[in-house]
Amino acid sequence: FTAMAAASIYPSKAMTVPSSSVDSSTLAIVIIAGVMLIFGAGFGVIHFERRLARAKFAEGQERAALADEILLGALEREALTARLEREASISRAALENMAQGLSMFDEHNRLVRFNRKYAELYGIPEHLLSPGTAVSEILHYLVGVGLFPQTAEFYAELLGALVEEGGRHEIELRDGRILVLYVQPAPVGAWVATHEDVTEARRTADRINYLAQHDTLTGLPNRSAFADSLSAAAEEAREGCGLAVLTIDLDRFKEVNDTLGHPFGDRILEQAAARLREI
């Protein structure tokens with residue numbers, strides 16, 4: 001284009017210029033159009049490269065953000081897993097250190113979970129403690145070894161009634177122990193049972209009740225028990241039906257205590273009580 005602007009070319013008059021030839025003005029326009037096309041293509045490439053660079057930068061940012069999010073999610077999952085494991089460990093420790101036995105069964109009466117106290121209370125073998133063991137199998141075992149006094153069907157029916165509404169039942173085992181069974185329904189038909197050995201507590205309560213109603217020396221009902229029995233007999237006595245009260249005294253008992261001492265007097269009371277029991 002510069003050369004065309006700097007020089008003018010005049011063909012020789014001896015030459016015949018074809019009519020189809022391109023004059024300098026048209027050629028300049030074509031060249032300008034070509035140059036503009038090249039410039040346009042160049043600008044387009046630059047623009048495309050810039051957009052591509054921005055897109056790559058944005059993609060890098062997104063990847064970085066995604067990486068951060070993934071890392072954060074992984075950290076959160078690790079923290080959640082650690083917390084769940086810690087809570088599960090605490091739950092297992094609490095379950096295994098309960099004073100009562102605990103067992104959980106699903107809606108099909110199959111064992112889901114238990115603690116060691118439950119197995120120890122009944123002496124259940126390991127092969128009956130696998131998850132999925134039917135409660136009927138455990139009942140048949142306990143009846144078969146002679147621990148439960150009733151039939152397996154009796155206890156299955158009892159459990160069915162307790163599962164429906166929840167409640168408690170006291171079981172006196174053949175070995176003399178007394179267990180209290182508490183059944184609580186759980187969601188989706190499952191149920192949880194706790195098993196508590198109340199043998200010592202019951203014996204202590206019975207002993208306290210016995211001491212409250214009996215003389216510690218002779219073992220005979222004491223004055224309080226006599227008053228209760230006399231009141232009950234008087235209330236039950238019908239008109240025209242007599243009520244007799246007999247009194248028994250030991251002659252010169254005070255002289256025995258004064259001369260021979262209270263220990264000897266206690267022996268006399270014990271012998272008198274034994275003879276009263278015989279008759």
# chains A, B, ... in the order shown; residues from 1 in each chain; ligands from 1
>>> residues_around(residues="Val145 of chain A", least_positions_apart="2", cutoff="12 Å", atoms="only C-alpha atoms", output="JSON list (two decimals) with all heavy atoms, in the first residue's frame")
[["chain", "number", "residue", "atom", "x", "y", "z"],
["A", 122, "TYR", "N", -28.88, -64.42, 83.18],
["A", 122, "TYR", "CA", -29.56, -65.66, 82.79],
["A", 122, "TYR", "C", -28.60, -66.76, 82.36],
["A", 122, "TYR", "O", -29.05, -67.88, 82.10],
["A", 122, "TYR", "CB", -30.53, -65.37, 81.64],
["A", 122, "TYR", "CG", -31.63, -64.40, 81.99],
["A", 122, "TYR", "CD1", -31.57, -63.07, 81.56],
["A", 122, "TYR", "CD2", -32.72, -64.78, 82.77],
["A", 122, "TYR", "CE1", -32.57, -62.18, 81.88],
["A", 122, "TYR", "CE2", -33.72, -63.89, 83.10],
["A", 122, "TYR", "CZ", -33.64, -62.58, 82.65],
["A", 122, "TYR", "OH", -34.65, -61.69, 82.97],
["A", 123, "GLY", "N", -27.31, -66.47, 82.29],
["A", 123, "GLY", "CA", -26.36, -67.47, 81.85],
["A", 123, "GLY", "C", -26.59, -67.91, 80.42],
["A", 123, "GLY", "O", -26.49, -69.10, 80.09],
["A", 124, "ILE", "N", -26.89, -66.95, 79.54],
["A", 124, "ILE", "CA", -27.19, -67.25, 78.14],
["A", 124, "ILE", "C", -25.88, -67.52, 77.40],
["A", 124, "ILE", "O", -24.95, -66.72, 77.47],
["A", 124, "ILE", "CB", -27.96, -66.10, 77.48],
["A", 124, "ILE", "CG1", -29.25, -65.82, 78.26],
["A", 124, "ILE", "CG2", -28.28, -66.41, 76.03],
["A", 124, "ILE", "CD1", -30.00, -64.61, 77.77],
["A", 125, "PRO", "N", -25.77, -68.63, 76.65],
["A", 125, "PRO", "CA", -24.53, -68.92, 75.91],
["A", 125, "PRO", "C", -24.34, -67.99, 74.72],
["A", 125, "PRO", "O", -25.29, -67.35, 74.25],
["A", 125, "PRO", "CB", -24.72, -70.38, 75.47],
["A", 125, "PRO", "CG", -26.20, -70.57, 75.43],
["A", 125, "PRO", "CD", -26.77, -69.70, 76.52],
["A", 138, "ILE", "N", -34.37, -68.16, 73.02],
["A", 138, "ILE", "CA", -33.80, -67.86, 74.35],
["A", 138, "ILE", "C", -34.72, -68.39, 75.44],
["A", 138, "ILE", "O", -34.26, -68.99, 76.42],
["A", 138, "ILE", "CB", -33.58, -66.35, 74.49],
["A", 138, "ILE", "CG1", -32.59, -65.85, 73.43],
["A", 138, "ILE", "CG2", -33.07, -66.00, 75.88],
["A", 138, "ILE", "CD1", -32.39, -64.35, 73.42],
["A", 139, "LEU", "N", -36.03, -68.22, 75.28],
["A", 139, "LEU", "CA", -36.98, -68.70, 76.28],
["A", 139, "LEU", "C", -36.94, -70.22, 76.39],
["A", 139, "LEU", "O", -36.96, -70.77, 77.51],
["A", 139, "LEU", "CB", -38.40, -68.23, 75.93],
["A", 139, "LEU", "CG", -38.66, -66.72, 76.05],
["A", 139, "LEU", "CD1", -40.06, -66.39, 75.59],
["A", 139, "LEU", "CD2", -38.44, -66.24, 77.47],
["A", 140, "HIS", "N", -36.90, -70.92, 75.27],
["A", 140, "HIS", "CA", -36.83, -72.38, 75.31],
["A", 140, "HIS", "C", -35.54, -72.85, 75.99],
["A", 140, "HIS", "O", -35.55, -73.85, 76.73],
["A", 140, "HIS", "CB", -36.90, -72.95, 73.89],
["A", 140, "HIS", "CG", -38.30, -73.07, 73.37],
["A", 140, "HIS", "ND1", -38.90, -72.09, 72.60],
["A", 140, "HIS", "CD2", -39.24, -74.04, 73.53],
["A", 140, "HIS", "CE1", -40.13, -72.46, 72.29],
["A", 140, "HIS", "NE2", -40.37, -73.64, 72.84],
["A", 141, "TYR", "N", -34.46, -72.12, 75.78],
["A", 141, "TYR", "CA", -33.21, -72.48, 76.45],
["A", 141, "TYR", "C", -33.34, -72.31, 77.96],
["A", 141, "TYR", "O", -32.95, -73.20, 78.73],
["A", 141, "TYR", "CB", -32.07, -71.63, 75.91],
["A", 141, "TYR", "CG", -30.79, -71.80, 76.71],
["A", 141, "TYR", "CD1", -29.95, -72.89, 76.50],
["A", 141, "TYR", "CD2", -30.44, -70.88, 77.70],
["A", 141, "TYR", "CE1", -28.80, -73.06, 77.24],
["A", 141, "TYR", "CE2", -29.28, -71.04, 78.45],
["A", 141, "TYR", "CZ", -28.46, -72.14, 78.21],
["A", 141, "TYR", "OH", -27.33, -72.30, 78.95],
["A", 142, "LEU", "N", -33.87, -71.17, 78.41],
["A", 142, "LEU", "CA", -33.97, -70.89, 79.85],
["A", 142, "LEU", "C", -34.91, -71.87, 80.54],
["A", 142, "LEU", "O", -34.68, -72.26, 81.69],
["A", 142, "LEU", "CB", -34.43, -69.45, 80.06],
["A", 142, "LEU", "CG", -33.47, -68.36, 79.56],
["A", 142, "LEU", "CD1", -34.06, -66.98, 79.76],
["A", 142, "LEU", "CD2", -32.12, -68.47, 80.26],
["A", 143, "VAL", "N", -35.96, -72.27, 79.84],
["A", 143, "VAL", "CA", -36.86, -73.28, 80.41],
["A", 143, "VAL", "C", -36.19, -74.64, 80.39],
["A", 143, "VAL", "O", -36.30, -75.43, 81.34],
["A", 143, "VAL", "CB", -38.20, -73.31, 79.63],
["A", 143, "VAL", "CG1", -39.06, -74.48, 80.08],
["A", 143, "VAL", "CG2", -38.96, -72.00, 79.82],
["A", 147, "LEU", "N", -34.11, -72.97, 84.58],
["A", 147, "LEU", "CA", -34.04, -71.68, 85.28],
["A", 147, "LEU", "C", -35.41, -71.05, 85.42],
["A", 147, "LEU", "O", -35.74, -70.48, 86.48],
["A", 147, "LEU", "CB", -33.10, -70.73, 84.53],
["A", 147, "LEU", "CG", -32.75, -69.42, 85.23],
["A", 147, "LEU", "CD1", -32.01, -69.70, 86.53],
["A", 147, "LEU", "CD2", -31.92, -68.52, 84.34],
["A", 148, "PHE", "N", -36.24, -71.13, 84.37],
["A", 148, "PHE", "CA", -37.59, -70.58, 84.42],
["A", 148, "PHE", "C", -38.57, -71.67, 84.85],
["A", 148, "PHE", "O", -38.56, -72.78, 84.29],
["A", 148, "PHE", "CB", -38.00, -70.05, 83.05],
["A", 148, "PHE", "CG", -37.49, -68.66, 82.76],
["A", 148, "PHE", "CD1", -36.54, -68.07, 83.57],
["A", 148, "PHE", "CD2", -37.96, -67.94, 81.67],
["A", 148, "PHE", "CE1", -36.07, -66.79, 83.32],
["A", 148, "PHE", "CE2", -37.49, -66.66, 81.40],
["A", 148, "PHE", "CZ", -36.55, -66.09, 82.23],
["A", 149, "PRO", "N", -39.44, -71.38, 85.82],
["A", 149, "PRO", "CA", -40.35, -72.42, 86.33],
["A", 149, "PRO", "C", -41.52, -72.73, 85.39],
["A", 149, "PRO", "O", -42.08, -73.82, 85.45],
["A", 149, "PRO", "CB", -40.84, -71.83, 87.65],
["A", 149, "PRO", "CG", -40.72, -70.35, 87.49],
["A", 149, "PRO", "CD", -39.53, -70.13, 86.61],
["A", 150, "GLN", "N", -41.92, -71.78, 84.55],
["A", 150, "GLN", "CA", -43.06, -71.98, 83.67],
["A", 150, "GLN", "C", -42.59, -72.43, 82.28],
["A", 150, "GLN", "O", -41.40, -72.56, 82.02],
["A", 150, "GLN", "CB", -43.88, -70.70, 83.56],
["A", 150, "GLN", "CG", -44.40, -70.16, 84.89],
["A", 150, "GLN", "CD", -45.48, -71.04, 85.50],
["A", 150, "GLN", "OE1", -46.10, -71.84, 84.81],
["A", 150, "GLN", "NE2", -45.71, -70.88, 86.79],
["A", 151, "THR", "N", -43.56, -72.63, 81.38],
["A", 151, "THR", "CA", -43.23, -73.05, 80.02],
["A", 151, "THR", "C", -42.80, -71.86, 79.17],
["A", 151, "THR", "O", -43.09, -70.70, 79.50],
["A", 151, "THR", "CB", -44.44, -73.73, 79.37],
["A", 151, "THR", "OG1", -45.50, -72.76, 79.24],
["A", 151, "THR", "CG2", -44.91, -74.92, 80.19],
["A", 152, "ALA", "N", -42.13, -72.15, 78.05],
["A", 152, "ALA", "CA", -41.71, -71.10, 77.14],
["A", 152, "ALA", "C", -42.91, -70.38, 76.54],
["A", 152, "ALA", "O", -42.88, -69.17, 76.31],
["A", 152, "ALA", "CB", -40.83, -71.69, 76.02],
["A", 173, "LEU", "N", -36.94, -67.17, 89.93],
["A", 173, "LEU", "CA", -36.23, -68.26, 89.27],
["A", 173, "LEU", "C", -36.09, -69.45, 90.19],
["A", 173, "LEU", "O", -36.22, -69.35, 91.42],
["A", 173, "LEU", "CB", -34.86, -67.77, 88.80],
["A", 173, "LEU", "CG", -34.85, -66.52, 87.91],
["A", 173, "LEU", "CD1", -33.42, -66.15, 87.53],
["A", 173, "LEU", "CD2", -35.70, -66.73, 86.67],
["A", 174, "ARG", "N", -35.80, -70.58, 89.58],
["A", 174, "ARG", "CA", -35.68, -71.81, 90.36],
["A", 174, "ARG", "C", -34.47, -71.80, 91.28],
["A", 174, "ARG", "O", -34.44, -72.55, 92.26],
["A", 174, "ARG", "CB", -35.61, -73.02, 89.42],
["A", 174, "ARG", "CG", -36.92, -73.32, 88.71],
["A", 174, "ARG", "CD", -36.83, -74.64, 87.96],
["A", 174, "ARG", "NE", -38.02, -74.92, 87.19],
["A", 174, "ARG", "CZ", -39.12, -75.49, 87.66],
["A", 174, "ARG", "NH1", -39.16, -75.84, 88.94],
["A", 174, "ARG", "NH2", -40.16, -75.71, 86.88],
["A", 175, "ASP", "N", -33.47, -70.97, 90.99],
["A", 175, "ASP", "CA", -32.29, -70.91, 91.86],
["A", 175, "ASP", "C", -32.49, -69.97, 93.04],
["A", 175, "ASP", "O", -31.55, -69.71, 93.80],
["A", 175, "ASP", "CB", -31.06, -70.50, 91.06],
["A", 175, "ASP", "CG", -31.22, -69.13, 90.40],
["A", 175, "ASP", "OD1", -32.23, -68.45, 90.66],
["A", 175, "ASP", "OD2", -30.33, -68.73, 89.60]]
>>> select_by_dssp(residues="segment 64-112 of chain A", states="strand (DSSP E)", output="PyMOL selection string")
chain A and resi 101-105+111-112
>>> closest_residue(among="A:Ile46, A:Ala99, A:Ile248, A:Ala134", to="Lys117 of chain A", atoms="only C-alpha atoms")
A:Ala99
>>> closest_residue(among="A:Gly189, A:Glu78, A:Ala273, A:Arg238", to="Asn222 of chain A", atoms="only C-alpha atoms")
A:Ala273
>>> atom_distance(atom1="atom CA of Leu250 of chain A", atom2="atom CA of Ala237 of chain A")
29.4 Å
>>> residues_around(residues="Ala190 of chain A", least_positions_apart="3", cutoff="6 Å", atoms="only C-alpha atoms", output="PyMOL selection string")
chain A and resi 105-107+186-187
>>> select_by_dssp(residues="segment 75-271 of chain A", states="alpha helix (DSSP H)", output="ChimeraX atom specification")
/A:75-96,116-122,135-144,152-165,199-213,223-236,253-260,262-271
>>> closest_residue(among="A:Leu121, A:Ala53, A:Ala227, A:Ala205", to="Leu179 of chain A", atoms="only C-alpha atoms")
A:Leu121
>>> atom_distance(atom1="atom CA of Val135 of chain A", atom2="atom CA of Arg110 of chain A")
5.9 Å
>>> atom_distance(atom1="atom CA of Leu128 of chain A", atom2="atom CA of Val163 of chain A")
21.1 Å
>>> residues_around(residues="Asp266 of chain A", least_positions_apart="6", cutoff="10 Å", atoms="only C-alpha atoms", output="MDAnalysis selection string")
chainID A and resid 217:218 256:257 272
>>> closest_residue(among="A:Ile32, A:Leu111, A:Ala82, A:Leu158", to="Glu137 of chain A", atoms="only C-alpha atoms")
A:Leu111
